[in-house]
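Engineer: My structure file input_16.txt, compact mmCIF, C-alpha atoms and all ligand atoms, is below:
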```
# COMPACT_ATOMS: atom_id res chain seq x y z
CA MET A 261 -0.85 -2.70 87.06
CA PHE A 262 -2.33 -5.47 85.04
CA ASP A 263 -1.41 -8.27 82.70
CA GLU A 264 -2.97 -7.77 79.29
CA GLY A 265 -2.25 -11.37 78.44
CA GLN A 266 -5.03 -12.40 80.81
CA LEU A 267 -7.54 -10.61 78.62
CA TYR A 268 -6.98 -12.84 75.64
CA SER A 269 -7.52 -16.51 74.99
CA PRO A 270 -4.03 -17.69 74.02
CA VAL A 271 -3.65 -18.86 70.43
CA THR A 272 -0.94 -21.44 69.70
CA ALA A 273 0.16 -23.41 66.66
CA ASP A 274 1.70 -26.90 66.70
CA GLU A 275 4.62 -27.86 64.53
CA ASP A 276 2.19 -29.45 62.08
CA GLY A 277 0.46 -26.06 61.82
CA SER A 278 -2.71 -26.97 63.72
CA VAL A 279 -3.99 -23.97 65.67
CA THR A 280 -5.52 -24.04 69.15
CA VAL A 281 -7.45 -21.24 70.89
CA HIS A 282 -7.31 -21.81 74.64
CA LEU A 283 -10.54 -20.57 76.23
CA ALA A 284 -10.51 -20.28 80.03
CA ASP A 285 -12.96 -22.52 81.93
CA ASP A 286 -15.12 -19.52 82.81
CA HIS A 287 -15.21 -18.16 79.24
CA PRO A 288 -18.87 -18.15 78.13
CA GLY A 289 -17.89 -20.15 75.03
CA ALA A 290 -15.77 -22.72 76.90
CA LYS A 291 -18.28 -25.56 76.48
CA ASP A 292 -19.62 -24.48 73.10
CA GLU A 293 -17.91 -26.73 70.53
CA GLU A 294 -19.17 -24.75 67.57
CA TYR A 295 -17.85 -21.49 69.07
CA ARG A 296 -14.48 -23.07 69.78
CA ARG A 297 -14.23 -24.36 66.21
CA ARG A 298 -15.14 -20.93 64.86
CA ARG A 299 -12.52 -19.20 66.99
CA VAL A 300 -9.85 -21.45 65.46
CA GLU A 301 -11.21 -20.90 61.96
CA ILE A 302 -10.91 -17.12 62.39
CA ALA A 303 -7.61 -17.14 64.31
CA ALA A 304 -5.62 -19.40 61.96
CA PRO A 305 -5.40 -17.06 58.94
CA ALA A 306 -4.64 -14.08 61.20
CA LEU A 307 -1.84 -16.04 62.87
CA ALA A 308 -0.34 -16.94 59.49
CA TRP A 309 -0.74 -13.42 58.08
CA GLN A 310 2.33 -11.35 57.17
CA PRO A 311 2.41 -7.58 56.66
CA GLY A 312 2.05 -6.77 52.97
CA GLU A 313 -0.42 -9.61 52.37
CA PRO A 314 -4.13 -8.85 52.00
CA VAL A 315 -5.91 -8.87 55.36
CA PRO A 316 -7.83 -12.16 55.72
CA ARG A 317 -11.54 -11.78 55.03
CA VAL A 318 -14.03 -13.50 57.31
CA GLU A 319 -17.42 -14.63 56.00
CA TYR A 320 -19.46 -13.78 59.05
CA THR A 321 -22.41 -16.03 59.82
CA ASP A 322 -25.99 -14.88 60.39
CA SER A 323 -25.62 -15.39 64.12
CA GLU A 324 -22.39 -13.35 64.22
CA ASN A 325 -24.03 -10.54 62.27
CA GLU A 326 -26.91 -10.76 64.74
CA ILE A 327 -24.54 -10.19 67.68
CA TRP A 328 -23.11 -7.15 65.87
CA ARG A 329 -26.64 -5.82 65.20
CA THR A 330 -27.70 -6.33 68.82
CA VAL A 331 -24.69 -4.53 70.25
CA CYS A 332 -24.93 -1.65 67.73
CA ARG A 333 -28.66 -1.24 68.41
CA GLU A 334 -28.18 -1.27 72.20
CA LEU A 335 -25.19 1.07 72.07
CA ALA A 336 -26.63 3.73 69.74
CA PRO A 337 -28.81 5.58 72.28
CA LYS A 338 -26.25 5.04 75.04
CA HIS A 339 -23.51 6.61 72.94
CA GLU A 340 -25.73 9.67 72.35
CA ARG A 341 -26.29 10.02 76.08
CA LEU A 342 -22.95 8.95 77.51
CA ALA A 343 -20.10 9.30 74.96
CA ILE A 344 -17.97 12.41 74.48
CA ARG A 345 -18.68 14.64 71.48
CA GLY A 346 -15.36 13.76 69.86
CA PHE A 347 -16.40 10.10 69.75
CA LEU A 348 -19.83 10.88 68.32
CA GLU A 349 -18.21 13.02 65.62
CA GLY A 350 -15.79 10.21 64.76
CA LYS A 351 -18.62 7.69 64.66
CA GLU A 352 -20.62 9.93 62.35
CA ALA A 353 -17.64 10.48 60.05
CA LEU A 354 -16.69 6.80 59.86
CA GLY A 355 -20.26 5.60 59.31
CA LEU A 356 -19.70 1.93 60.18
CA PRO A 357 -22.40 -0.54 59.15
CA THR A 358 -24.81 -1.44 61.96
CA ASP A 359 -26.45 -4.45 60.27
CA HIS A 360 -23.38 -6.64 59.59
CA VAL A 361 -19.80 -7.07 60.75
CA PRO A 362 -17.48 -5.08 58.47
CA GLN A 363 -14.22 -6.45 57.07
CA LEU A 364 -11.05 -4.94 58.54
CA ASP A 365 -10.01 -3.62 55.10
CA GLU A 366 -13.30 -1.74 54.78
CA VAL A 367 -12.78 -0.11 58.15
CA SER A 368 -9.20 0.81 57.18
CA ALA A 369 -10.46 2.37 53.94
CA GLY A 370 -12.77 4.60 56.00
CA LEU A 371 -10.15 5.49 58.61
CA GLY A 372 -7.34 6.31 56.19
CA PRO A 373 -8.64 9.68 54.99
CA LEU A 374 -9.84 10.62 58.49
CA SER A 375 -6.73 9.93 60.59
CA GLY A 376 -4.33 7.78 58.56
CA PHE A 377 -4.89 4.70 60.73
CA ARG A 378 -5.24 1.19 59.31
CA LEU A 379 -5.94 -2.21 60.82
CA HIS A 380 -3.77 -5.30 60.97
CA PRO A 381 -5.39 -8.62 61.90
CA ALA A 382 -4.62 -10.08 65.34
CA ALA A 383 -5.23 -13.74 66.18
CA GLY A 384 -5.12 -12.92 69.90
CA LEU A 385 -2.68 -11.08 72.12
CA VAL A 386 -0.07 -9.18 70.12
CA PRO A 387 3.25 -8.69 72.01
CA LEU A 388 3.02 -5.40 73.92
CA ASP A 389 5.96 -3.77 72.13
CA VAL A 390 4.45 -4.58 68.74
CA PHE A 391 0.88 -3.63 69.69
CA TYR A 392 1.77 -0.27 71.23
CA GLY A 393 4.80 0.49 69.05
CA SER A 394 2.87 0.11 65.81
CA LEU A 395 0.42 2.82 66.90
CA ALA A 396 3.29 5.20 66.10
CA ASP A 397 2.94 4.10 62.46
CA GLY A 398 -0.83 4.45 62.45
CA VAL A 399 -1.37 0.70 62.71
CA PHE A 400 -3.95 -0.76 65.07
CA HIS A 401 -4.08 -4.52 65.64
CA SER A 402 -7.62 -5.82 65.59
CA THR A 403 -9.07 -9.20 66.44
CA GLN A 404 -11.71 -10.57 64.05
CA TYR A 405 -13.81 -12.96 66.15
CA LEU A 406 -16.99 -12.03 68.02
CA ARG A 407 -17.88 -12.37 71.69
CA HIS A 408 -20.07 -15.34 72.64
CA ALA A 409 -23.75 -14.85 71.80
CA SER A 410 -24.82 -15.63 75.38
CA GLN A 411 -23.15 -12.49 76.78
CA PRO A 412 -23.26 -9.69 74.21
CA LEU A 413 -23.36 -6.85 76.74
CA TYR A 414 -19.86 -7.26 78.15
CA THR A 415 -16.73 -9.27 77.51
CA PRO A 416 -13.38 -8.82 79.23
CA GLU A 417 -11.76 -10.20 76.08
CA PRO A 418 -11.32 -7.72 73.21
CA ASP A 419 -13.31 -8.82 70.14
CA ILE A 420 -14.00 -7.13 66.79
CA ILE A 421 -16.90 -5.21 68.32
CA HIS A 422 -14.58 -3.70 70.91
CA GLU A 423 -11.84 -2.96 68.37
CA VAL A 424 -14.03 -1.50 65.66
CA VAL A 425 -16.96 0.08 67.53
CA GLY A 426 -14.83 1.21 70.47
CA HIS A 427 -11.39 1.98 69.04
CA CYS A 428 -12.04 2.74 65.38
CA ASN A 429 -14.78 5.27 66.05
CA LEU A 430 -12.24 7.00 68.32
CA LEU A 431 -9.51 6.68 65.70
CA ALA A 432 -11.83 8.40 63.24
CA ASN A 433 -11.30 11.53 65.33
CA PRO A 434 -7.90 12.94 64.28
CA ALA A 435 -7.24 14.62 67.66
CA ILE A 436 -7.77 11.35 69.53
CA ALA A 437 -5.86 9.36 66.90
CA GLN A 438 -2.95 11.71 67.61
CA VAL A 439 -2.99 10.72 71.30
CA LYS A 440 -2.70 7.07 70.24
CA ARG A 441 0.24 7.87 67.96
CA ARG A 442 1.99 9.63 70.85
CA ALA A 443 1.43 6.52 73.01
CA GLY A 444 2.96 4.44 70.23
CA GLU A 445 6.00 6.71 70.03
CA ALA A 446 6.40 6.48 73.81
CA ALA A 447 6.32 2.68 73.57
CA ARG A 448 8.96 2.76 70.82
CA ARG A 449 11.29 4.84 73.01
CA CYS A 450 11.06 2.37 75.91
CA GLU A 451 14.05 0.13 76.38
CA THR A 452 12.80 -1.58 79.53
CA PRO A 453 9.77 -3.83 80.09
CA GLU A 454 8.88 -1.61 83.07
CA GLY A 455 8.70 1.46 80.85
CA LEU A 456 6.52 -0.34 78.34
CA GLN A 457 4.22 -1.63 81.06
CA TYR A 458 3.85 1.93 82.34
CA VAL A 459 2.76 3.11 78.90
CA ALA A 460 0.32 0.18 78.73
CA ASP A 461 -1.14 1.03 82.14
CA VAL A 462 -1.67 4.70 81.34
CA PHE A 463 -3.19 3.64 78.00
CA TRP A 464 -5.57 1.37 79.90
CA PHE A 465 -6.90 4.15 82.12
CA THR A 466 -7.11 6.67 79.29
CA ILE A 467 -7.75 5.25 75.83
CA GLU A 468 -9.39 2.06 77.13
CA PHE A 469 -11.30 3.26 80.19
CA GLY A 470 -11.06 7.04 80.26
CA VAL A 471 -13.94 9.31 81.16
CA MET A 472 -14.24 13.06 80.72
CA HIS A 473 -16.05 16.02 82.21
CA GLU A 474 -17.72 17.68 79.25
CA ASP A 475 -20.42 20.36 79.38
CA GLY A 476 -21.01 19.68 83.07
CA GLU A 477 -21.53 15.93 82.58
CA LEU A 478 -19.35 12.89 82.98
CA ARG A 479 -19.01 11.12 79.64
CA ALA A 480 -16.95 8.20 78.36
CA TYR A 481 -14.13 8.25 75.84
CA GLY A 482 -12.50 4.90 76.70
CA ALA A 483 -12.99 2.23 74.04
CA GLY A 484 -13.68 -0.44 76.67
CA LEU A 485 -16.63 1.54 78.00
CA LEU A 486 -17.87 2.52 74.54
CA SER A 487 -18.05 -1.09 73.30
CA SER A 488 -19.94 -2.56 76.26
CA TYR A 489 -23.62 -1.72 76.61
CA GLY A 490 -23.43 -3.13 80.13
CA GLU A 491 -20.45 -1.22 81.50
CA ILE A 492 -21.29 2.06 79.74
CA GLU A 493 -24.37 2.31 81.96
CA GLU A 494 -22.31 1.88 85.11
CA PHE A 495 -19.28 4.15 84.81
CA ARG A 496 -20.95 7.14 86.42
CA GLY A 497 -21.19 5.02 89.58
CA ALA A 498 -17.44 4.34 89.68
CA GLU A 499 -15.03 6.21 91.92
CA ILE A 500 -13.85 9.05 89.69
CA ARG A 501 -10.36 10.49 90.21
CA PRO A 502 -8.55 13.30 88.45
CA VAL A 503 -5.88 12.27 85.92
CA ASP A 504 -2.82 11.00 87.79
CA PHE A 505 -0.32 8.98 85.78
CA HIS A 506 1.53 7.54 88.76
CA GLN A 507 -1.74 6.24 90.20
CA MET A 508 -2.80 4.79 86.85
CA ALA A 509 0.42 2.83 86.64
CA THR A 510 0.44 1.56 90.22
CA LEU A 511 -3.23 0.77 90.88
CA ALA A 512 -3.88 -2.97 91.07
CA TYR A 513 -7.19 -4.09 89.66
CA ASP A 514 -9.29 -6.87 88.23
CA ILE A 515 -9.71 -6.81 84.48
CA SER A 516 -12.64 -9.22 84.39
CA HIS A 517 -15.26 -6.92 85.95
CA TYR A 518 -16.58 -3.41 85.49
CA GLN A 519 -13.88 -0.99 86.62
CA PRO A 520 -14.52 0.46 90.11
CA ILE A 521 -12.01 3.32 89.75
CA LEU A 522 -11.76 5.56 86.70
CA PHE A 523 -9.82 8.73 85.86
CA ALA A 524 -11.55 11.76 84.36
CA CYS A 525 -10.05 14.30 81.99
CA ASP A 526 -11.32 17.82 82.44
CA GLY A 527 -12.52 18.33 78.87
CA MET A 528 -10.99 17.28 75.57
CA GLY A 529 -8.02 19.60 76.09
CA GLU A 530 -6.73 17.55 78.99
CA LEU A 531 -6.70 14.46 76.76
CA THR A 532 -5.18 16.06 73.67
CA ASP A 533 -2.68 18.24 75.60
CA ARG A 534 -1.88 16.69 78.95
CA VAL A 535 -2.27 12.98 78.22
CA ALA A 536 -0.74 13.34 74.74
CA GLY A 537 2.01 15.47 76.30
CA PHE A 538 2.71 12.80 78.89
CA PHE A 539 3.22 10.24 76.13
CA ALA A 540 5.26 12.72 74.06
CA ASP A 541 7.67 13.31 76.96
CA PHE A 542 7.74 9.75 78.23
CA ASP A 543 10.97 7.80 78.51
CA ASP A 544 12.25 4.98 80.72
CA ASP A 545 13.13 7.49 83.46
CA THR A 546 9.59 8.83 83.75
CA PRO A 547 8.26 6.13 86.15
CA ALA A 548 11.00 6.75 88.72
CA ARG A 549 10.59 10.51 88.45
CA LEU A 550 6.80 10.34 89.00
CA ALA A 551 7.22 7.88 91.89
CA HIS A 552 9.65 10.31 93.49
CA GLU A 553 7.24 13.22 93.02
CA ALA A 554 4.38 11.20 94.51
CA ALA A 555 6.40 10.17 97.59
N1 LIG B 601 -15.54 -4.84 78.03
C1 LIG B 601 -15.40 -4.46 76.65
C2 LIG B 601 -16.62 -4.91 75.86
O1 LIG B 601 -17.43 -5.65 76.38
O2 LIG B 601 -16.74 -4.54 74.70
C3 LIG B 601 -14.11 -4.98 76.04
C4 LIG B 601 -12.90 -4.50 76.77
C5 LIG B 601 -11.58 -4.97 76.19
C6 LIG B 601 -10.40 -4.41 76.90
FE FE2 B 602 -8.93 -2.07 73.55
```
Here is the file; what I need is its structure written in the form of structure tokens.
Ligand code: NLE
Ligand code: FE2
Structural biologist:
Amino acid sequence: MFDEGQLYSPVTADEDGSVTVHLADDHPGAKDEEYRRRRVEIAAPALAWQPGEPVPRVEYTDSENEIWRTVCRELAPKHERLAIRGFLEGKEALGLPTDHVPQLDEVSAGLGPLSGFRLHPAAGLVPLDVFYGSLADGVFHSTQYLRHASQPLYTPEPDIIHEVVGHCNLLANPAIAQVKRRAGEAARRCETPEGLQYVADVFWFTIEFGVMHEDGELRAYGAGLLSSYGEIEEFRGAEIRPVDFHQMATLAYDISHYQPILFACDGMGELTDRVAGFFADFDDDTPARLAHEAA
């Protein structure tokens, strides 16, 4: 169980339209005035955006492109060594730039023919029902700002590197994109906040932080591992459990550190059949049924 809201710096707008991005005191950019100003500059158009309008473009600065380059350069050999094949195939097919931050529309143009997914801009946290539900329509909400330059190797807060390098390379794989659509359909069927939270928790331990036994090795498929060149080196040291949906939804944990407990699929089939099947069958009664079975 976790609160996704804690991952994001809240974005608010006053009645006069002025936008504020609230960075926590321990955020690495908290005392960096230029970073704070930039976060507002990027968040404001995303907050004002309406579906049907062109996705706001961001003119990324040299230092932002440098963060992107650093993370891509550090991740490349780690992906080869530690990511599942399905991710590497998606990454190859999508062919994201490694020398500059791409625009969301460019990423959508690449994803469309591969899996039908497209990106909508997110200023910060998108309400859970909207974020998960829209996956059913092939829409993924993506932030546009970058992590603070002082800590490129890991951020608890999703940034465009996490969304695009982590999620979009996965979404470029049609079989994995299908799992996300099933999660979206499950979210749409939920009528209770508890049901929706359950979907979010299983999503967290699969699509965000899932690992997989593949060819006798433990590899990562979770976007949160695949976008952090710090955490990707550590997941093999975590406590690895077999897939258990009830445990995923009831485990309490800290979202601001490397995850100490992870769940491993036994090959791609367990992700595309069992996890996708869980989402396909999910309704508001599922949590009670699984709790009963676990008791
Ligand atoms: N820890 C990830 C990263 O540094 O890219 C982001 C995780 C967002 C849930
Ligand atoms: Fe994510």
Engineer: As a PyMOL selection string, please: every protein or nucleic acid residue near ligand LIG 601 (chain B) (cut-off 6 Å, counting all atoms listed in the file).
Structural biologist: chain A and resi 414-418+422+484+487-488
Engineer: Compile the contact shell of range 400-404 of chain A as a PDB file with C-alpha atoms, in the frame of the given file: residues with an atom at most 7 Å away, counting only C-alpha atoms, same-chain residues fewer than 5 positions apart removed.
Structural biologist:
```pdb
ATOM      1  CA  ILE A 302     -10.910 -17.120  62.390  1.00  0.00           C
ATOM      2  CA  ARG A 378      -5.240   1.190  59.310  1.00  0.00           C
ATOM      3  CA  LEU A 379      -5.940  -2.210  60.820  1.00  0.00           C
ATOM      4  CA  HIS A 380      -3.770  -5.300  60.970  1.00  0.00           C
ATOM      5  CA  PRO A 381      -5.390  -8.620  61.900  1.00  0.00           C
ATOM      6  CA  ALA A 382      -4.620 -10.080  65.340  1.00  0.00           C
ATOM      7  CA  ALA A 383      -5.230 -13.740  66.180  1.00  0.00           C
ATOM      8  CA  GLY A 384      -5.120 -12.920  69.900  1.00  0.00           C
ATOM      9  CA  PHE A 391       0.880  -3.630  69.690  1.00  0.00           C
ATOM     10  CA  SER A 394       2.870   0.110  65.810  1.00  0.00           C
ATOM     11  CA  LEU A 395       0.420   2.820  66.900  1.00  0.00           C
ATOM     12  CA  ASP A 419     -13.310  -8.820  70.140  1.00  0.00           C
ATOM     13  CA  ILE A 420     -14.000  -7.130  66.790  1.00  0.00           C
ATOM     14  CA  GLU A 423     -11.840  -2.960  68.370  1.00  0.00           C
TER      15      GLU A 423
END
```
Engineer: Which distance in Å separates CA of Ala396 in chain A and CA of Arg449 in chain A, to one decimal?
Structural biologist: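 Between CA of Ala396 in chain A and CA of Arg449 in chain A the gap works out to 10.6 Å.
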Engineer: Find the residues around Trp464 in chain A up to 10 Å (all atoms listed in the file counted), leave out those fewer than 4 positions away in its own chain, and share them as a count of residues only.
Structural biologist: 14
Engineer: Which residues, written as a list of chain:residue names, have at least one atom at most 12 Å from Cys332 in chain A, with only C-alpha atoms counted and residues fewer than 3 positions away on the same chain left out?
Structural biologist: A:Asn325, A:Glu326, A:Ile327, A:Trp328, A:Arg329, A:Leu335, A:Ala336, A:Pro337, A:Lys338, A:His339, A:Lys351, A:Leu356, A:Pro357, A:Thr358, A:Asp359, A:His360, A:Val361, A:Pro412, A:Leu413, A:Ile421, A:His422, A:Val424, A:Val425, A:Gly426, A:Leu486, A:Ser487, A:Ser488, A:Tyr489
Engineer: Could you give me, as a PyMOL selection string, the residues within 10 Å of Gly455 in chain A, counting all atoms listed in the file and dropping anything in the same chain fewer than 5 positions from it?
Structural biologist: chain A and resi 446-447+449-450+460-461+542-548
Engineer: Deliver the residues from the most recent selection as a file, using C-alpha atoms, as a PDB file, in the frame of the given file.
Structural biologist:
```
ATOM      1  CA  ALA A 446       6.400   6.480  73.810  1.00  0.00           C
ATOM      2  CA  ALA A 447       6.320   2.680  73.570  1.00  0.00           C
ATOM      3  CA  ARG A 449      11.290   4.840  73.010  1.00  0.00           C
ATOM      4  CA  CYS A 450      11.060   2.370  75.910  1.00  0.00           C
ATOM      5  CA  ALA A 460       0.320   0.180  78.730  1.00  0.00           C
ATOM      6  CA  ASP A 461      -1.140   1.030  82.140  1.00  0.00           C
ATOM      7  CA  PHE A 542       7.740   9.750  78.230  1.00  0.00           C
ATOM      8  CA  ASP A 543      10.970   7.800  78.510  1.00  0.00           C
ATOM      9  CA  ASP A 544      12.250   4.980  80.720  1.00  0.00           C
ATOM     10  CA  ASP A 545      13.130   7.490  83.460  1.00  0.00           C
ATOM     11  CA  THR A 546       9.590   8.830  83.750  1.00  0.00           C
ATOM     12  CA  PRO A 547       8.260   6.130  86.150  1.00  0.00           C
ATOM     13  CA  ALA A 548      11.000   6.750  88.720  1.00  0.00           C
TER      14      ALA A 548
END
```
Engineer: Tell me which of A:Met472, A:Leu485, A:Ala306, A:Ala524 sits closest to ligand FE2 602 (chain B), counting all atoms listed in the file.
Structural biologist: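 Among the listed residues, the smallest separation from ligand FE2 602 (chain B) belongs to A:Leu485.
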Engineer: Quick check, in Å to one decimal: how far apart do CA of Leu388 in chain A and CA of Cys428 in chain A lie?
Structural biologist: 19.1 Å
Engineer: For Val462 in chain A, which residue out of A:Tyr392, A:Phe495, A:Trp309, A:Tyr518 is the nearest one, using all atoms listed in the file?
Structural biologist: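 Among A:Tyr392, A:Phe495, A:Trp309, A:Tyr518, it is A:Tyr392 that comes nearest to Val462 in chain A.
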Engineer: Choose the residue, out of A:Ala432, A:Leu283, A:Leu371, A:Ala303, that has the smallest atom-to-atom separation from Glu349 in chain A; count only C-alpha atoms.
Structural biologist: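 Using only C-alpha atoms, Glu349 in chain A sits closest to A:Ala432.
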Engineer: Using all atoms listed in the file, which of A:Thr330, A:Gln411, A:Asn429, A:Gln310 sits nearest Ser368 in chain A?
Structural biologist: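 Answer, going by the shortest atom-to-atom distance: A:Asn429.
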Engineer: Of the residues A:Ser516, A:Gly289, A:Val399, A:Met528, which is the one nearest to Pro311 in chain A, using only C-alpha atoms?
Structural biologist: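 Between A:Ser516, A:Gly289, A:Val399, A:Met528, the residue approaching Pro311 in chain A most closely is A:Val399.
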Engineer: Between CA of Glu293 in chain A and CA of Gln266 in chain A, what is the distance in Å, rounded to a tenth?
Structural biologist: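 According to the coordinates, CA of Glu293 in chain A and CA of Gln266 in chain A are separated by 21.8 Å.
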Engineer: Here is a test: counting all atoms listed in the file, which residue of A:Ala409, A:Val390, A:Ala443, A:Val318 is nearest to Leu364 in chain A?
Structural biologist: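 Ranking A:Ala409, A:Val390, A:Ala443, A:Val318 by distance to Leu364 in chain A, first place goes to A:Val318.
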Engineer: Env of Leu374 in chain A: 12 Å cut, atoms = only C-alpha atoms, seq-sep filter 5 positions within chain, self excluded. Answer as number ranges by chain.
Structural biologist: A: 349-355, 367-369, 398, 428-438
Engineer: Starting from the incomplete input, reconstruct N, CA, C and O atoms of range 407-426 of chain A and report them as a PDB file, in the coordinates of the input.
Structural biologist:
```pdb
ATOM      1  N   ARG A 407     -17.548 -11.882  70.340  1.00  0.00           N
ATOM      2  CA  ARG A 407     -17.880 -12.370  71.690  1.00  0.00           C
ATOM      3  C   ARG A 407     -18.927 -13.476  71.591  1.00  0.00           C
ATOM      4  O   ARG A 407     -19.604 -13.604  70.571  1.00  0.00           O
ATOM      5  N   HIS A 408     -19.083 -14.248  72.653  1.00  0.00           N
ATOM      6  CA  HIS A 408     -20.070 -15.340  72.640  1.00  0.00           C
ATOM      7  C   HIS A 408     -21.488 -14.766  72.701  1.00  0.00           C
ATOM      8  O   HIS A 408     -21.735 -13.797  73.421  1.00  0.00           O
ATOM      9  N   ALA A 409     -22.381 -15.383  71.927  1.00  0.00           N
ATOM     10  CA  ALA A 409     -23.750 -14.850  71.800  1.00  0.00           C
ATOM     11  C   ALA A 409     -24.500 -14.795  73.131  1.00  0.00           C
ATOM     12  O   ALA A 409     -25.429 -14.005  73.280  1.00  0.00           O
ATOM     13  N   SER A 410     -24.091 -15.605  74.107  1.00  0.00           N
ATOM     14  CA  SER A 410     -24.820 -15.630  75.380  1.00  0.00           C
ATOM     15  C   SER A 410     -24.556 -14.396  76.236  1.00  0.00           C
ATOM     16  O   SER A 410     -25.302 -14.118  77.166  1.00  0.00           O
ATOM     17  N   GLN A 411     -23.469 -13.663  75.947  1.00  0.00           N
ATOM     18  CA  GLN A 411     -23.150 -12.490  76.780  1.00  0.00           C
ATOM     19  C   GLN A 411     -22.722 -11.304  75.908  1.00  0.00           C
ATOM     20  O   GLN A 411     -21.565 -10.878  75.949  1.00  0.00           O
ATOM     21  N   PRO A 412     -23.648 -10.777  75.118  1.00  0.00           N
ATOM     22  CA  PRO A 412     -23.260  -9.690  74.210  1.00  0.00           C
ATOM     23  C   PRO A 412     -22.957  -8.367  74.932  1.00  0.00           C
ATOM     24  O   PRO A 412     -22.254  -7.519  74.393  1.00  0.00           O
ATOM     25  N   LEU A 413     -23.453  -8.188  76.141  1.00  0.00           N
ATOM     26  CA  LEU A 413     -23.360  -6.850  76.740  1.00  0.00           C
ATOM     27  C   LEU A 413     -21.998  -6.514  77.327  1.00  0.00           C
ATOM     28  O   LEU A 413     -21.687  -5.340  77.521  1.00  0.00           O
ATOM     29  N   TYR A 414     -21.182  -7.512  77.560  1.00  0.00           N
ATOM     30  CA  TYR A 414     -19.860  -7.260  78.150  1.00  0.00           C
ATOM     31  C   TYR A 414     -18.980  -8.459  77.928  1.00  0.00           C
ATOM     32  O   TYR A 414     -19.401  -9.599  78.114  1.00  0.00           O
ATOM     33  N   THR A 415     -17.743  -8.225  77.530  1.00  0.00           N
ATOM     34  CA  THR A 415     -16.730  -9.270  77.510  1.00  0.00           C
ATOM     35  C   THR A 415     -15.415  -8.666  77.978  1.00  0.00           C
ATOM     36  O   THR A 415     -15.077  -7.553  77.574  1.00  0.00           O
ATOM     37  N   PRO A 416     -14.698  -9.367  78.866  1.00  0.00           N
ATOM     38  CA  PRO A 416     -13.380  -8.820  79.230  1.00  0.00           C
ATOM     39  C   PRO A 416     -12.389  -8.970  78.082  1.00  0.00           C
ATOM     40  O   PRO A 416     -11.395  -8.270  78.025  1.00  0.00           O
ATOM     41  N   GLU A 417     -12.690  -9.879  77.162  1.00  0.00           N
ATOM     42  CA  GLU A 417     -11.760 -10.200  76.080  1.00  0.00           C
ATOM     43  C   GLU A 417     -12.052  -9.326  74.853  1.00  0.00           C
ATOM     44  O   GLU A 417     -13.171  -9.339  74.344  1.00  0.00           O
ATOM     45  N   PRO A 418     -11.051  -8.582  74.366  1.00  0.00           N
ATOM     46  CA  PRO A 418     -11.320  -7.720  73.210  1.00  0.00           C
ATOM     47  C   PRO A 418     -11.756  -8.540  71.996  1.00  0.00           C
ATOM     48  O   PRO A 418     -11.087  -9.495  71.644  1.00  0.00           O
ATOM     49  N   ASP A 419     -12.867  -8.172  71.377  1.00  0.00           N
ATOM     50  CA  ASP A 419     -13.310  -8.820  70.140  1.00  0.00           C
ATOM     51  C   ASP A 419     -13.468  -7.746  69.066  1.00  0.00           C
ATOM     52  O   ASP A 419     -13.186  -6.569  69.317  1.00  0.00           O
ATOM     53  N   ILE A 420     -13.940  -8.118  67.884  1.00  0.00           N
ATOM     54  CA  ILE A 420     -14.000  -7.130  66.790  1.00  0.00           C
ATOM     55  C   ILE A 420     -14.987  -6.010  67.116  1.00  0.00           C
ATOM     56  O   ILE A 420     -14.827  -4.883  66.646  1.00  0.00           O
ATOM     57  N   ILE A 421     -15.965  -6.288  67.946  1.00  0.00           N
ATOM     58  CA  ILE A 421     -16.900  -5.210  68.320  1.00  0.00           C
ATOM     59  C   ILE A 421     -16.150  -4.167  69.146  1.00  0.00           C
ATOM     60  O   ILE A 421     -16.248  -2.958  68.897  1.00  0.00           O
ATOM     61  N   HIS A 422     -15.371  -4.640  70.107  1.00  0.00           N
ATOM     62  CA  HIS A 422     -14.580  -3.700  70.910  1.00  0.00           C
ATOM     63  C   HIS A 422     -13.591  -2.923  70.030  1.00  0.00           C
ATOM     64  O   HIS A 422     -13.505  -1.690  70.122  1.00  0.00           O
ATOM     65  N   GLU A 423     -12.876  -3.624  69.173  1.00  0.00           N
ATOM     66  CA  GLU A 423     -11.840  -2.960  68.370  1.00  0.00           C
ATOM     67  C   GLU A 423     -12.450  -1.938  67.416  1.00  0.00           C
ATOM     68  O   GLU A 423     -11.948  -0.818  67.284  1.00  0.00           O
ATOM     69  N   VAL A 424     -13.515  -2.348  66.742  1.00  0.00           N
ATOM     70  CA  VAL A 424     -14.030  -1.500  65.660  1.00  0.00           C
ATOM     71  C   VAL A 424     -15.007  -0.449  66.213  1.00  0.00           C
ATOM     72  O   VAL A 424     -14.867   0.743  65.936  1.00  0.00           O
ATOM     73  N   VAL A 425     -15.983  -0.888  67.007  1.00  0.00           N
ATOM     74  CA  VAL A 425     -16.960   0.080  67.530  1.00  0.00           C
ATOM     75  C   VAL A 425     -16.303   0.980  68.572  1.00  0.00           C
ATOM     76  O   VAL A 425     -16.525   2.196  68.593  1.00  0.00           O
ATOM     77  N   GLY A 426     -15.486   0.399  69.440  1.00  0.00           N
ATOM     78  CA  GLY A 426     -14.830   1.210  70.470  1.00  0.00           C
ATOM     79  C   GLY A 426     -13.664   1.997  69.893  1.00  0.00           C
ATOM     80  O   GLY A 426     -13.713   3.223  69.797  1.00  0.00           O
TER      81      GLY A 426
END
```
